[in-house]
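To be precise, the following lines are query_31.txt, and they hold compact mmCIF, C-alpha atoms.
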```
# COMPACT_ATOMS: atom_id res chain seq x y z
CA MET T 17 -68.39 1.87 30.18
CA ILE T 18 -66.25 -0.16 32.61
CA ASP T 19 -63.15 1.61 33.86
CA ARG T 20 -60.31 -0.93 33.55
CA ARG T 21 -58.13 0.89 36.09
CA ARG T 22 -60.98 1.00 38.60
CA LEU T 23 -61.41 -2.75 38.25
CA MET T 24 -57.72 -3.30 39.00
CA LEU T 25 -57.86 -1.02 42.04
CA THR T 26 -60.94 -2.84 43.32
CA ALA T 27 -59.12 -6.17 43.11
CA VAL T 28 -56.24 -4.82 45.19
CA ALA T 29 -58.62 -3.29 47.71
CA VAL T 30 -60.21 -6.67 48.47
CA GLY T 31 -56.89 -8.24 49.30
CA ALA T 32 -55.39 -9.48 46.02
CA LEU T 33 -51.63 -9.98 45.94
CA PRO T 34 -49.68 -7.32 44.03
CA LEU T 35 -48.98 -8.17 40.41
CA PRO T 36 -45.94 -7.35 38.28
CA VAL T 37 -46.44 -4.12 36.36
CA LEU T 38 -45.66 -2.90 32.87
CA ALA T 39 -43.48 0.10 32.21
CA GLU T 40 -46.48 2.40 32.15
CA GLY T 41 -47.65 1.15 35.55
CA GLU T 42 -50.51 -1.12 34.52
CA ALA T 43 -50.81 -4.46 36.31
CA LEU T 44 -50.23 -7.58 34.27
CA ALA T 45 -53.16 -9.90 33.64
CA PHE T 46 -51.19 -12.62 35.45
CA PRO T 47 -47.48 -13.15 36.15
CA GLY T 48 -45.79 -13.83 32.84
CA ALA T 49 -48.48 -12.29 30.63
CA LEU T 50 -47.01 -10.99 27.37
CA GLY T 51 -47.85 -8.79 24.43
CA TRP T 52 -50.00 -5.75 23.78
CA ALA T 53 -52.85 -7.40 25.70
CA ALA T 54 -50.67 -8.14 28.75
CA SER T 55 -52.44 -5.62 30.99
CA THR T 56 -56.01 -6.66 30.30
CA PRO T 57 -57.83 -7.13 33.62
CA GLY T 58 -60.08 -9.80 32.18
CA GLY T 59 -62.75 -10.35 34.82
CA ARG T 60 -60.63 -9.06 37.71
CA GLY T 61 -62.78 -7.44 40.38
CA GLY T 62 -65.96 -8.99 38.99
CA ARG T 63 -68.23 -11.66 40.43
CA ILE T 64 -67.17 -15.29 40.66
CA ILE T 65 -69.29 -17.68 38.63
CA ARG T 66 -68.91 -21.36 39.47
CA VAL T 67 -69.30 -24.04 36.81
CA THR T 68 -70.92 -26.95 38.63
CA THR T 69 -72.13 -29.18 35.78
CA LEU T 70 -70.75 -30.77 32.63
CA ALA T 71 -74.09 -30.19 30.91
CA ASP T 72 -73.96 -28.13 27.74
CA GLU T 73 -76.39 -25.49 28.97
CA GLY T 74 -78.51 -24.42 31.90
CA GLU T 75 -77.78 -23.35 35.46
CA GLY T 76 -74.18 -23.95 36.48
CA SER T 77 -73.01 -24.65 32.91
CA LEU T 78 -69.96 -23.21 31.19
CA ARG T 79 -72.13 -21.82 28.43
CA ALA T 80 -74.27 -19.88 30.92
CA ALA T 81 -71.14 -18.51 32.63
CA LEU T 82 -69.48 -17.36 29.43
CA GLU T 83 -72.66 -15.78 28.08
CA ALA T 84 -73.37 -13.90 31.34
CA GLU T 85 -73.06 -10.13 31.56
CA GLY T 86 -70.68 -8.01 33.61
CA PRO T 87 -67.10 -8.55 34.81
CA ARG T 88 -66.78 -12.19 35.85
CA ILE T 89 -64.28 -14.83 36.85
CA VAL T 90 -65.37 -18.28 35.73
CA VAL T 91 -64.10 -21.08 37.96
CA PHE T 92 -64.82 -24.79 38.03
CA GLU T 93 -66.12 -27.10 40.72
CA VAL T 94 -66.31 -29.96 38.24
CA GLY T 95 -63.81 -31.67 35.94
CA GLY T 96 -64.33 -33.79 32.84
CA VAL T 97 -65.66 -33.45 29.30
CA ILE T 98 -68.24 -30.88 28.18
CA ASP T 99 -70.01 -31.87 24.96
CA LEU T 100 -71.06 -28.69 23.13
CA GLN T 101 -73.28 -30.68 20.78
CA ARG T 102 -72.09 -28.81 17.69
CA ARG T 103 -73.04 -25.41 19.13
CA ASP T 104 -70.15 -23.02 19.64
CA ILE T 105 -70.15 -20.78 22.68
CA ARG T 106 -70.23 -17.15 21.58
CA VAL T 107 -68.85 -14.69 24.11
CA ALA T 108 -70.34 -11.24 23.50
CA ASN T 109 -69.91 -9.60 26.92
CA PRO T 110 -66.51 -8.21 27.99
CA PHE T 111 -64.34 -8.46 31.10
CA LEU T 112 -64.03 -12.21 31.47
CA THR T 113 -61.47 -14.56 32.99
CA LEU T 114 -61.93 -18.25 32.18
CA ALA T 115 -59.79 -20.04 34.76
CA GLY T 116 -59.48 -23.66 33.70
CA GLN T 117 -56.70 -24.14 36.23
CA THR T 118 -59.32 -24.16 39.00
CA ALA T 119 -60.92 -27.39 37.73
CA PRO T 120 -60.17 -30.63 39.57
CA GLU T 121 -58.22 -33.25 37.64
CA PRO T 122 -58.46 -34.15 34.81
CA GLY T 123 -59.39 -30.53 34.02
CA ILE T 124 -61.89 -29.40 31.42
CA THR T 125 -62.09 -30.58 27.81
CA LEU T 126 -64.62 -29.22 25.31
CA ILE T 127 -65.66 -31.45 22.42
CA ARG T 128 -67.98 -31.09 19.40
CA GLY T 129 -67.72 -27.31 19.35
CA GLY T 130 -65.51 -24.35 20.12
CA ILE T 131 -65.43 -20.83 21.57
CA SER T 132 -65.88 -17.59 19.62
CA LEU T 133 -64.75 -14.41 21.38
CA ARG T 134 -66.58 -11.34 20.01
CA THR T 135 -65.77 -8.82 22.71
CA HIS T 136 -62.85 -7.34 24.63
CA ASP T 137 -60.76 -7.89 27.75
CA VAL T 138 -60.84 -11.67 27.93
CA ILE T 139 -58.37 -14.11 29.49
CA VAL T 140 -58.66 -17.82 28.64
CA ARG T 141 -56.30 -20.23 30.37
CA HIS T 142 -55.87 -23.96 30.96
CA VAL T 143 -58.69 -25.49 28.92
CA ARG T 144 -58.65 -28.08 26.13
CA ILE T 145 -60.80 -27.69 23.03
CA ARG T 146 -61.07 -30.69 20.71
CA PRO T 147 -64.02 -30.23 18.31
CA GLY T 148 -63.48 -33.26 16.08
CA ALA T 149 -65.25 -34.34 12.90
CA ASP T 150 -67.91 -36.10 14.97
CA GLY T 151 -68.61 -38.64 12.24
CA ALA T 152 -69.59 -35.97 9.71
CA ALA T 153 -69.24 -36.95 6.07
CA ALA T 154 -66.39 -35.58 3.97
CA LYS T 155 -67.07 -32.03 2.68
CA SER T 156 -70.46 -32.02 4.45
CA GLY T 157 -70.01 -28.51 5.86
CA TRP T 158 -69.30 -29.19 9.55
CA GLU T 159 -66.72 -26.39 9.85
CA VAL T 160 -65.64 -25.61 13.38
CA ASP T 161 -62.80 -23.64 14.94
CA GLY T 162 -61.26 -24.49 18.27
CA LEU T 163 -61.10 -20.89 19.47
CA THR T 164 -61.37 -17.75 17.40
CA THR T 165 -61.52 -14.04 18.10
CA SER T 166 -63.88 -12.11 15.86
CA GLY T 167 -63.36 -8.37 15.96
CA ALA T 168 -62.16 -8.78 19.54
CA HIS T 169 -59.42 -6.90 21.35
CA ASP T 170 -57.31 -7.18 24.49
CA VAL T 171 -57.48 -10.97 24.57
CA ILE T 172 -55.00 -13.48 26.00
CA VAL T 173 -55.24 -17.21 25.30
CA ASP T 174 -52.53 -18.87 27.37
CA GLN T 175 -51.59 -22.46 28.14
CA CYS T 176 -54.52 -24.12 26.38
CA SER T 177 -54.67 -27.15 24.07
CA PHE T 178 -56.40 -27.15 20.69
CA SER T 179 -56.76 -30.07 18.32
CA TRP T 180 -59.07 -31.71 15.77
CA ALA T 181 -60.74 -28.57 14.42
CA THR T 182 -62.20 -28.86 10.93
CA ASP T 183 -61.44 -25.18 10.29
CA GLU T 184 -58.65 -23.43 12.23
CA ASN T 185 -57.55 -24.65 15.63
CA LEU T 186 -56.78 -21.13 16.94
CA SER T 187 -57.36 -17.86 15.10
CA ALA T 188 -57.77 -14.09 15.26
CA SER T 189 -60.32 -12.91 12.75
CA GLY T 190 -63.03 -10.40 11.93
CA PRO T 191 -64.21 -8.24 9.04
CA ARG T 192 -61.61 -6.89 6.65
CA PHE T 193 -63.00 -3.48 5.80
CA ASP T 194 -65.62 -2.38 8.32
CA GLY T 195 -65.81 1.13 9.75
CA GLY T 196 -65.06 3.35 6.81
CA ASP T 197 -62.71 3.77 3.88
CA ARG T 198 -59.40 4.11 5.76
CA VAL T 199 -57.15 1.37 7.06
CA GLU T 200 -57.14 2.92 10.57
CA GLN T 201 -60.90 2.39 10.66
CA TRP T 202 -60.65 -1.19 9.39
CA ARG T 203 -58.12 -2.02 12.09
CA THR T 204 -60.37 -0.81 14.90
CA HIS T 205 -63.14 -3.12 13.72
CA THR T 206 -61.19 -6.37 13.50
CA SER T 207 -59.12 -8.35 16.00
CA ARG T 208 -56.27 -6.45 17.66
CA ARG T 209 -54.16 -6.57 20.82
CA ILE T 210 -54.22 -10.37 20.86
CA THR T 211 -51.79 -12.77 22.59
CA PHE T 212 -51.65 -16.51 21.88
CA SER T 213 -49.05 -17.90 24.27
CA ARG T 214 -47.82 -21.35 25.34
CA ASN T 215 -50.62 -23.30 23.65
CA ILE T 216 -50.53 -26.67 21.90
CA VAL T 217 -52.08 -26.32 18.43
CA SER T 218 -52.14 -29.78 16.91
CA GLU T 219 -53.73 -32.19 14.48
CA GLY T 220 -56.08 -29.96 12.53
CA LEU T 221 -58.19 -32.48 10.62
CA SER T 222 -57.18 -32.68 6.97
CA ASN T 223 -59.65 -34.41 4.66
CA ALA T 224 -62.63 -34.16 6.95
CA SER T 225 -65.96 -32.32 6.84
CA HIS T 226 -64.88 -28.86 5.66
CA VAL T 227 -66.68 -28.06 2.42
CA LYS T 228 -63.37 -27.22 0.71
CA GLY T 229 -61.90 -30.62 1.46
CA GLU T 230 -58.36 -30.53 2.86
CA HIS T 231 -58.42 -28.18 5.84
CA SER T 232 -55.85 -29.06 8.48
CA LYS T 233 -55.09 -25.54 9.67
CA GLY T 234 -53.22 -24.25 12.71
CA THR T 235 -53.62 -20.47 13.12
CA LEU T 236 -55.06 -17.78 10.85
CA ILE T 237 -54.44 -14.10 11.59
CA HIS T 238 -56.96 -12.32 9.38
CA ASP T 239 -56.49 -9.27 7.16
CA ASN T 240 -55.69 -6.00 8.96
CA ALA T 241 -55.36 -7.55 12.44
CA THR T 242 -52.76 -5.64 14.44
CA GLN T 243 -50.72 -5.89 17.65
CA VAL T 244 -50.81 -9.67 17.61
CA LEU T 245 -48.22 -11.71 19.53
CA ILE T 246 -47.88 -15.46 18.96
CA VAL T 247 -45.30 -16.79 21.41
CA GLY T 248 -44.20 -20.06 22.95
CA ASN T 249 -46.73 -22.27 21.18
CA LEU T 250 -46.26 -25.81 19.91
CA TYR T 251 -47.62 -26.39 16.41
CA ALA T 252 -47.68 -30.09 15.48
CA HIS T 253 -49.22 -32.03 12.59
CA ASP T 254 -51.05 -29.10 10.95
CA HIS T 255 -50.98 -29.25 7.13
CA GLU T 256 -51.02 -25.47 6.73
CA ARG T 257 -51.24 -22.17 8.67
CA ASN T 258 -48.36 -22.72 11.04
CA GLN T 259 -49.08 -19.62 11.11
CA LEU T 260 -50.87 -17.74 8.24
CA PHE T 261 -50.87 -13.92 8.31
CA LYS T 262 -53.24 -12.26 5.85
CA GLY T 263 -52.98 -8.91 4.10
CA GLY T 264 -51.92 -5.85 6.08
CA VAL T 265 -51.37 -7.76 9.33
CA HIS T 266 -49.01 -6.34 11.98
CA ALA T 267 -47.76 -9.23 14.14
CA VAL T 268 -44.87 -10.76 16.05
CA SER T 269 -44.28 -14.52 16.00
CA ALA T 270 -41.58 -15.51 18.45
CA ASN T 271 -40.21 -18.62 20.12
CA ASN T 272 -42.72 -21.08 18.70
CA LEU T 273 -41.85 -24.73 18.05
CA ILE T 274 -43.27 -26.02 14.76
CA TYR T 275 -43.18 -29.75 14.09
CA ASN T 276 -44.28 -31.68 11.00
CA PRO T 277 -45.88 -28.88 8.97
CA GLY T 278 -47.32 -30.31 5.77
CA ASN T 279 -47.73 -27.92 2.85
CA ARG T 280 -47.14 -24.56 4.57
CA CYS T 281 -45.09 -23.47 7.56
CA MET T 282 -45.02 -19.68 8.16
CA HIS T 283 -47.12 -17.93 5.52
CA TYR T 284 -48.06 -14.38 4.49
CA ALA T 285 -50.76 -13.77 1.88
CA LEU T 286 -52.66 -10.74 0.62
CA ASN T 287 -55.05 -11.97 -2.05
CA ALA T 288 -56.16 -9.28 -4.50
CA SER T 289 -59.45 -11.07 -5.15
CA GLU T 290 -60.36 -10.65 -1.47
CA TRP T 291 -59.41 -6.96 -1.34
CA GLY T 292 -61.38 -5.87 -4.39
CA ASP T 293 -61.08 -2.11 -4.92
CA HIS T 294 -59.56 -1.46 -1.50
CA PRO T 295 -55.94 -0.25 -1.63
CA TRP T 296 -53.49 -2.94 -0.60
CA GLU T 297 -51.74 -2.51 2.72
CA VAL T 298 -48.17 -3.56 3.42
CA GLY T 299 -47.92 -6.36 5.97
CA GLN T 300 -45.43 -5.98 8.81
CA LEU T 301 -44.12 -9.18 10.40
CA SER T 302 -41.46 -9.87 12.99
CA ILE T 303 -40.50 -13.56 13.03
CA VAL T 304 -37.93 -14.22 15.73
CA GLY T 305 -36.47 -17.24 17.51
CA ASN T 306 -38.82 -19.88 16.11
CA VAL T 307 -37.71 -23.49 15.69
CA THR T 308 -39.07 -25.70 12.89
CA ARG T 309 -38.55 -29.43 12.44
CA GLY T 310 -40.02 -31.33 9.53
CA GLY T 311 -41.67 -34.67 10.03
CA PRO T 312 -43.27 -37.56 8.16
CA SER T 313 -45.97 -35.34 6.57
CA THR T 314 -43.72 -32.41 5.55
CA ARG T 315 -43.26 -31.94 1.82
CA ALA T 316 -39.67 -32.26 0.71
CA ASP T 317 -39.34 -28.76 -0.77
CA LEU T 318 -41.19 -26.82 1.94
CA PRO T 319 -39.60 -23.44 2.73
CA PHE T 320 -39.83 -21.91 6.20
CA LEU T 321 -41.76 -18.83 5.03
CA ILE T 322 -43.97 -18.53 1.97
CA VAL T 323 -45.11 -15.13 0.71
CA GLU T 324 -48.13 -15.60 -1.51
CA GLY T 325 -50.55 -13.36 -3.39
CA GLN T 326 -50.05 -9.77 -4.44
CA GLY T 327 -49.26 -7.76 -1.29
CA ASP T 328 -45.92 -6.34 -0.19
CA LEU T 329 -44.31 -7.23 3.12
CA ASP T 330 -41.99 -5.55 5.61
CA LEU T 331 -40.15 -8.45 7.25
CA TYR T 332 -37.89 -8.66 10.27
CA ALA T 333 -36.69 -12.26 10.56
CA HIS T 334 -33.96 -13.39 12.94
CA ASP T 335 -32.74 -16.65 14.50
CA ASN T 336 -35.28 -19.06 13.01
CA PRO T 337 -33.54 -22.44 12.51
CA ALA T 338 -35.64 -24.70 10.28
CA GLN T 339 -34.77 -28.24 9.20
CA HIS T 340 -36.37 -31.08 7.35
CA ALA T 341 -36.71 -34.43 9.10
CA GLY T 342 -33.31 -35.65 7.97
CA GLY T 343 -31.53 -32.53 9.16
CA ARG T 344 -31.41 -30.76 5.80
CA THR T 345 -31.86 -26.99 6.17
CA MET T 346 -35.14 -25.59 4.89
CA GLN T 347 -35.07 -22.85 2.31
CA GLU T 348 -35.80 -19.65 4.22
CA LEU T 349 -38.22 -17.99 1.80
CA GLY T 350 -40.44 -18.98 -1.09
CA VAL T 351 -42.68 -16.69 -3.18
CA ILE T 352 -45.87 -17.76 -4.96
CA SER T 353 -47.37 -14.90 -6.93
CA ASP T 354 -48.38 -13.71 -10.38
CA ARG T 355 -47.20 -10.28 -9.26
CA GLU T 356 -43.82 -10.37 -7.57
CA PRO T 357 -44.43 -8.79 -4.14
CA LYS T 358 -41.86 -6.44 -2.72
CA ILE T 359 -40.32 -7.95 0.41
CA ARG T 360 -38.39 -5.36 2.37
CA ARG T 361 -35.97 -6.96 4.82
CA LEU T 362 -35.71 -4.93 8.04
CA SER T 363 -32.84 -4.81 10.52
CA THR T 364 -35.16 -4.10 13.47
CA SER T 365 -38.74 -4.96 14.28
CA PRO T 366 -41.38 -2.49 13.05
CA HIS T 367 -43.70 -3.42 15.95
CA TRP T 368 -42.64 -4.89 19.30
CA PRO T 369 -44.56 -5.28 22.58
CA VAL T 370 -43.35 -3.20 25.51
CA GLY T 371 -41.11 -5.22 27.80
CA PHE T 372 -41.08 -8.37 25.67
CA ARG T 373 -37.77 -10.16 25.16
CA ALA T 374 -37.54 -13.07 22.77
CA ARG T 375 -35.54 -16.11 23.84
CA ALA T 376 -32.66 -17.45 21.80
CA SER T 377 -33.80 -20.27 19.52
CA SER T 378 -31.46 -22.65 21.37
CA GLU T 379 -33.72 -22.36 24.43
CA VAL T 380 -37.05 -22.68 22.66
CA GLU T 381 -37.66 -26.40 22.29
CA ALA T 382 -37.05 -27.22 25.96
CA TRP T 383 -39.13 -24.23 27.11
CA VAL T 384 -42.10 -24.95 24.86
CA MET T 385 -42.10 -28.67 25.60
CA ALA T 386 -42.13 -27.91 29.34
CA GLU T 387 -44.78 -25.19 29.40
CA ALA T 388 -47.12 -25.48 26.42
CA GLY T 389 -50.60 -26.89 26.72
CA ALA T 390 -53.56 -26.79 29.05
CA ARG T 391 -52.16 -28.53 32.11
CA PRO T 392 -48.39 -29.04 31.89
CA TRP T 393 -48.45 -30.46 35.41
CA ALA T 394 -50.95 -33.18 34.40
CA ARG T 395 -51.28 -33.51 30.64
CA ASP T 396 -54.03 -35.63 29.12
CA ALA T 397 -53.36 -38.58 26.83
CA VAL T 398 -53.60 -36.48 23.64
CA ASP T 399 -51.05 -33.88 24.73
CA ARG T 400 -48.71 -36.57 26.08
CA ARG T 401 -48.83 -38.38 22.75
CA ILE T 402 -48.22 -35.18 20.77
CA LEU T 403 -45.17 -34.29 22.84
CA GLU T 404 -43.78 -37.81 22.49
CA GLU T 405 -44.19 -37.63 18.72
CA VAL T 406 -42.35 -34.31 18.66
CA ARG T 407 -39.53 -35.84 20.72
CA THR T 408 -39.24 -38.95 18.53
CA GLY T 409 -39.96 -37.45 15.12
CA THR T 410 -43.05 -39.58 14.61
CA GLY T 411 -46.79 -39.04 14.06
CA ARG T 412 -48.59 -37.63 11.04
CA ILE T 413 -51.36 -35.34 9.86
CA ILE T 414 -54.74 -37.03 10.35
CA ASP T 415 -58.22 -36.84 8.81
CA ASP T 416 -60.32 -37.95 11.78
CA GLU T 417 -59.93 -37.96 15.57
CA ARG T 418 -60.83 -41.66 15.58
CA GLU T 419 -57.44 -42.39 13.97
CA VAL T 420 -55.79 -41.48 17.29
CA GLY T 421 -58.29 -42.79 19.80
CA GLY T 422 -61.24 -40.44 19.42
CA TYR T 423 -62.90 -38.20 21.97
CA PRO T 424 -61.69 -38.59 25.57
CA VAL T 425 -63.75 -40.70 27.93
CA VAL T 426 -63.14 -39.68 31.53
CA GLY T 427 -65.26 -39.65 34.64
CA GLU T 428 -66.72 -36.56 36.24
CA THR T 429 -64.80 -35.19 39.21
CA ARG T 430 -65.72 -32.57 41.80
CA ARG T 431 -63.95 -30.16 44.14
CA LEU T 432 -65.24 -27.00 45.74
CA PHE T 433 -63.60 -23.74 44.72
CA VAL T 434 -62.38 -22.09 47.91
CA GLU T 435 -61.73 -18.41 47.33
CA ALA T 436 -59.29 -18.15 50.23
CA ASP T 437 -56.94 -20.63 48.49
CA TRP T 438 -56.48 -18.40 45.44
CA ASP T 439 -55.10 -14.98 44.61
CA LEU T 440 -58.16 -13.69 42.81
CA ALA T 441 -56.20 -11.05 40.90
CA SER T 442 -54.01 -13.60 39.12
CA LEU T 443 -55.93 -16.88 39.69
CA ILE T 444 -52.80 -18.53 41.06
CA ARG T 445 -52.95 -20.75 44.13
CA LYS T 446 -51.52 -19.08 47.22
CA ASP T 447 -49.75 -22.29 48.24
CA GLY T 448 -47.88 -22.40 44.93
CA GLY T 449 -49.65 -25.52 43.72
CA PRO T 450 -50.57 -25.85 40.02
CA SER T 451 -54.31 -26.23 40.58
```

Before anything else, please render the file you have as structure tokens.
Amino acid sequence: MIDRRRLMLTAVAVGALPLPVLAEGEALAFPGALGWAASTPGGRGGRIIRVTTLADEGEGSLRAALEAEGPRIVVFEVGGVIDLQRRDIRVANPFLTLAGQTAPEPGITLIRGGISLRTHDVIVRHVRIRPGADGAAAKSGWEVDGLTTSGAHDVIVDQCSFSWATDENLSASGPRFDGGDRVEQWRTHTSRRITFSRNIVSEGLSNASHVKGEHSKGTLIHDNATQVLIVGNLYAHDHERNQLFKGGVHAVSANNLIYNPGNRCMHYALNASEWGDHPWEVGQLSIVGNVTRGGPSTRADLPFLIVEGQGDLDLYAHDNPAQHAGGRTMQELGVISDREPKIRRLSTSPHWPVGFRARASSEVEAWVMAEAGARPWARDAVDRRILEEVRTGTGRIIDDEREVGGYPVVGETRRLFVEADWDLASLIRKDGGPS
């Protein structure tokens, strides 16, 4: 087994700059990393793998780099669009840093597929994932996530852009009940210690190729996932799951900006039919400092938080202003259930990451608009349009990427990755430049 502390010491020994540390003395993954996963080393101290081609597979490809074994830092010497040809990249080997910030302009965009993380200690930063319907017929079964964790742990996905998935744009998932007959066992076999921070999660495709029909979904946090932090993200034009927390989840959602949710905004649901004979677990959510603004696709009676199904919920909710498009205040809570769940309102958070401080909601919109997305210093046309629609109260939920211009068409660019220009512990340029 890899010793995470030894990896961090190795990085320092080869000349990496010192990183901020957590209270217990562990180095942060990068300056500003947050949540229970904040100290993951990712690929720190491992070999550098250079992506040198936009081809879907083969030598020098992103797929080959992500599927490689051993601690690794994946950097780019090419920029442009990588067509995954409807084949997701499955990451099964741990200790990985995917450093999209190293790509030359216009950065890296993945289309016609997504990434599935099925391992531990992974950092993903500064990439765009836009799967799209790809011309698939309605309800034909082309169901693709942007990025999902499946039974993974110690994962950070930071400053990325996700749009046009036909399933969820960004999710933490895994089996509900693996490992035994106790909830502690279930929780060690599904996703845990996950941070989704400063991402743009937009335009999940609605009536597209998902077999169920309508499926514009932002983020799903699956049953029994724990130690999940969702912070500083922009959710825009997603019909539902802005975010959805399933039964028994322990999570913190803080300082997100949610614009134009359709049929669901925040959502908690334990469905008895999915739990079978397993005893129901009480969900524990902290929802703090989020800002919600309705838009053209938001239903007129949408509440900020819906509790659905049969499970009980411990809820700490504070400073979450939510308004419809015309300025009317959203109802805070709505319940949809044939068995009235018990919602226990808490005065303090039941779970909170060490060292994390939520911002006041009055600061959130400016902060998220400035920092969210794959390349805030040089956003692509999709992210620029999304932010403008948030600013102006325009835009809508869509069914197909072709309604808003379709897949990006950009030329291939190249630039050598020079190790001496970067702090390899944090993957930040030594000259302070963005990339």

Task: Neighbour list for T:Arg102 as number ranges by chain, cut-off 9 Å, all atoms listed in the file, skip fewer than 6 positions in-chain - done: T: 127-130, 147, 150, 158, 160

Open item on the list: Could you tell me how far atom CA of T:Pro424 sits from atom CA of T:Asn276, in Å to one decimal place?
Closed with: 23.7 Å

Task: For T:His266, the nearest of the candidates T:Arg400, T:His367, T:Arg192, T:Arg103, counting all atoms listed in the file - done: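 Comparing T:Arg400, T:His367, T:Arg192, T:Arg103 against T:His266, the winner is T:His367.
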
Task: Counting only C-alpha atoms, the residue of T:Ile352, T:Ala441, T:Leu44, T:Leu331 that sits nearest T:Gly371 - done: T:Leu44

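Candidate residues T:Ser177, T:Ser77, T:Ser132, T:Thr113 were compared for distance to T:Gly389, and the nearest is T:Ser177, using all atoms listed in the file.
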
- [ ] Could you pull out every residue with an atom within 8 Å of (-57.2, -25.1, 6.0), file coordinates, counting all atoms listed in the file, and send them as an MDAnalysis selection string?
- [x] chainID T and resid 182:184 222 230:234 255:257

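Between T:Ile413 and the candidates T:Pro277, T:Gly448, T:Gly123, T:Gly116, the tightest atom-to-atom separation, counting all atoms listed in the file, involves T:Pro277.
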
Task: Sel. within 9 Å of pt (-66.6, -24.4, 42.4), counting only C-alpha atoms, output as a list of chain:residue names - done: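 Output: T:Ile65, T:Arg66, T:Val67, T:Thr68, T:Val91, T:Phe92, T:Glu93, T:Val94, T:Thr118, T:Ala119, T:Arg430, T:Arg431, T:Leu432, T:Phe433, T:Val434.
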
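Shell of stretch 56-63 of chain T at 6 Å, with only C-alpha atoms counted and residues fewer than 6 places along the chain excluded, is Leu23, Thr26, Ala27, Ala45, Pro87, Arg88, Ile89, Phe111, Leu112, Thr113, Asp137, Val138, Ile139, Asp170 and Ala441 of chain T.
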
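Coordinates place atom CA of T:Trp202 at a distance of 23.2 Å from atom CA of T:Ile359.
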
- [ ] Measuring atom to atom with all atoms listed in the file, identify which of T:Val268, T:Arg418, T:Gly310, T:Val380 is nearest to T:Pro366.
- [x]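 The answer is T:Val268, which sits nearest to T:Pro366.
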
Task: Atomic distance atom CA of T:Gly190 - atom CA of T:Leu250, expressed in Å with one decimal - done: 24.1 Å

TODO: Write out as a list in words the residues lying within 12 Å of T:Asp293, counting only C-alpha atoms and excluding same-chain residues fewer than 6 positions away.
DONE: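 Within the cut-off, the hits are Phe193, Asp197 and Asn287 of chain T.
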
Task: Counting all atoms listed in the file, the residue of T:Tyr332, T:Trp383, T:Tyr423, T:Trp52 that sits nearest T:Val97 - done: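 Nearest candidate to T:Val97 out of T:Tyr332, T:Trp383, T:Tyr423, T:Trp52: T:Tyr423.
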
Repaired coordinates for stretch 165-173 of chain T (N, CA, C and O atoms) as a short mmCIF file (atom, residue, chain, number, x, y, z; two decimals), keeping the file's coordinate frame:
```
data_model
loop_
_atom_site.label_atom_id
_atom_site.label_comp_id
_atom_site.auth_asym_id
_atom_site.auth_seq_id
_atom_site.Cartn_x
_atom_site.Cartn_y
_atom_site.Cartn_z
N THR T 165 -61.07 -15.38 17.75
CA THR T 165 -61.52 -14.04 18.10
C THR T 165 -62.11 -13.42 16.85
O THR T 165 -61.56 -13.57 15.76
N SER T 166 -63.23 -12.74 17.00
CA SER T 166 -63.88 -12.11 15.86
C SER T 166 -64.12 -10.64 16.18
O SER T 166 -65.02 -10.30 16.95
N GLY T 167 -63.26 -9.79 15.64
CA GLY T 167 -63.36 -8.37 15.96
C GLY T 167 -63.11 -8.07 17.42
O GLY T 167 -63.56 -7.04 17.93
N ALA T 168 -62.41 -8.93 18.10
CA ALA T 168 -62.16 -8.78 19.54
C ALA T 168 -60.86 -8.02 19.78
O ALA T 168 -60.02 -7.89 18.89
N HIS T 169 -60.69 -7.53 21.01
CA HIS T 169 -59.42 -6.90 21.35
C HIS T 169 -59.10 -7.10 22.83
O HIS T 169 -59.98 -7.38 23.64
N ASP T 170 -57.83 -6.97 23.13
CA ASP T 170 -57.31 -7.18 24.49
C ASP T 170 -57.71 -8.56 24.99
O ASP T 170 -58.44 -8.72 25.98
N VAL T 171 -57.19 -9.57 24.28
CA VAL T 171 -57.48 -10.97 24.57
C VAL T 171 -56.18 -11.73 24.75
O VAL T 171 -55.25 -11.57 23.96
N ILE T 172 -56.13 -12.56 25.79
CA ILE T 172 -55.00 -13.48 26.00
C ILE T 172 -55.54 -14.90 26.05
O ILE T 172 -56.46 -15.20 26.82
N VAL T 173 -54.97 -15.77 25.24
CA VAL T 173 -55.24 -17.21 25.30
C VAL T 173 -53.92 -17.88 25.62
O VAL T 173 -52.99 -17.88 24.80
#
```
